[in-house]
Amino acid sequence: MDEFEEFWKLYPRKAAKADARKAWKQVEKIRPPIADLMKSLHAARASKQWQKDEGEFIPYPASFLRGERWSDEYEVDLANLSSGKSKVCRYCSALSVGSVDGRYHCRDHGDLAMDGVASNVVSIKA
């Protein structure tokens, strides 16, 4: 799979793929490495801004690319953040080792999850 297709697969708003591919080529020289772009996309997907009103305000993929939105800061509830392969701890964003009532936690924060402590909401510069 080429890098654009990897981006497209993860991007939640499937609209105007041809324009997104054109934007992909236009930002080639300023676009971060694909791993960094995907981290940014994971943060954006977990952000309050993108989850508001069932994702109604998620930008078109071409707008995300042309606007260099990978460098935006997002307010993210760590409980909504996931890596490409697994969930992350809602308290510190380390890889999760389990969950309690939907609260994913790492080894260090299992007690907080067991006690039902609310998750942290943080600002992430993607």
# chains A, B, ... in the order shown; residues from 1 in each chain; ligands from 1
>>> residues_around(residues="Met38 of chain A", least_positions_apart="2", cutoff="10 Å", atoms="only C-alpha atoms", output="PyMOL selection string")
chain A and resi 6-7+10-11+32-36+40-44+70+83-84+126
>>> select_by_dssp(residues="segment 11-120 of chain A", states="helix (DSSP H, G or I)", output="PyMOL selection string")
chain A and resi 17-26+34-46+48-55+61-66+69-71+78-80+107-114
>>> closest_residue(among="A:Tyr104, A:Gly67, A:Gln51, A:Pro61", to="Asp19 of chain A", atoms="only C-alpha atoms")
A:Pro61
>>> atom_distance(atom1="atom CA of Leu112 of chain A", atom2="atom CA of Arg45 of chain A")
24.8 Å
>>> residues_around(residues="Lys29 of chain A", least_positions_apart="3", cutoff="12 Å", atoms="only C-alpha atoms", output="list in words")
Ala23, Trp24, Lys25, Gln26, Pro32, Pro33, Leu65, Arg66 and Glu68 of chain A
>>> atom_distance(atom1="atom CA of Ala18 of chain A", atom2="atom CA of Val76 of chain A")
29.7 Å
>>> atom_distance(atom1="atom CA of Arg31 of chain A", atom2="atom CA of Ser63 of chain A")
13.4 Å
>>> residues_around(residues="Arg107 of chain A", least_positions_apart="2", cutoff="9 Å", atoms="only C-alpha atoms", output="number ranges by chain")
A: 89, 96-98, 105, 109-111
>>> residues_around(residues="Arg13 of chain A", least_positions_apart="5", cutoff="10 Å", atoms="only C-alpha atoms", output="ChimeraX atom specification")
/A:8,55-61
>>> closest_residue(among="A:Pro12, A:Phe4, A:Ala20, A:Ile30", to="Glu54 of chain A", atoms="only C-alpha atoms")
A:Pro12
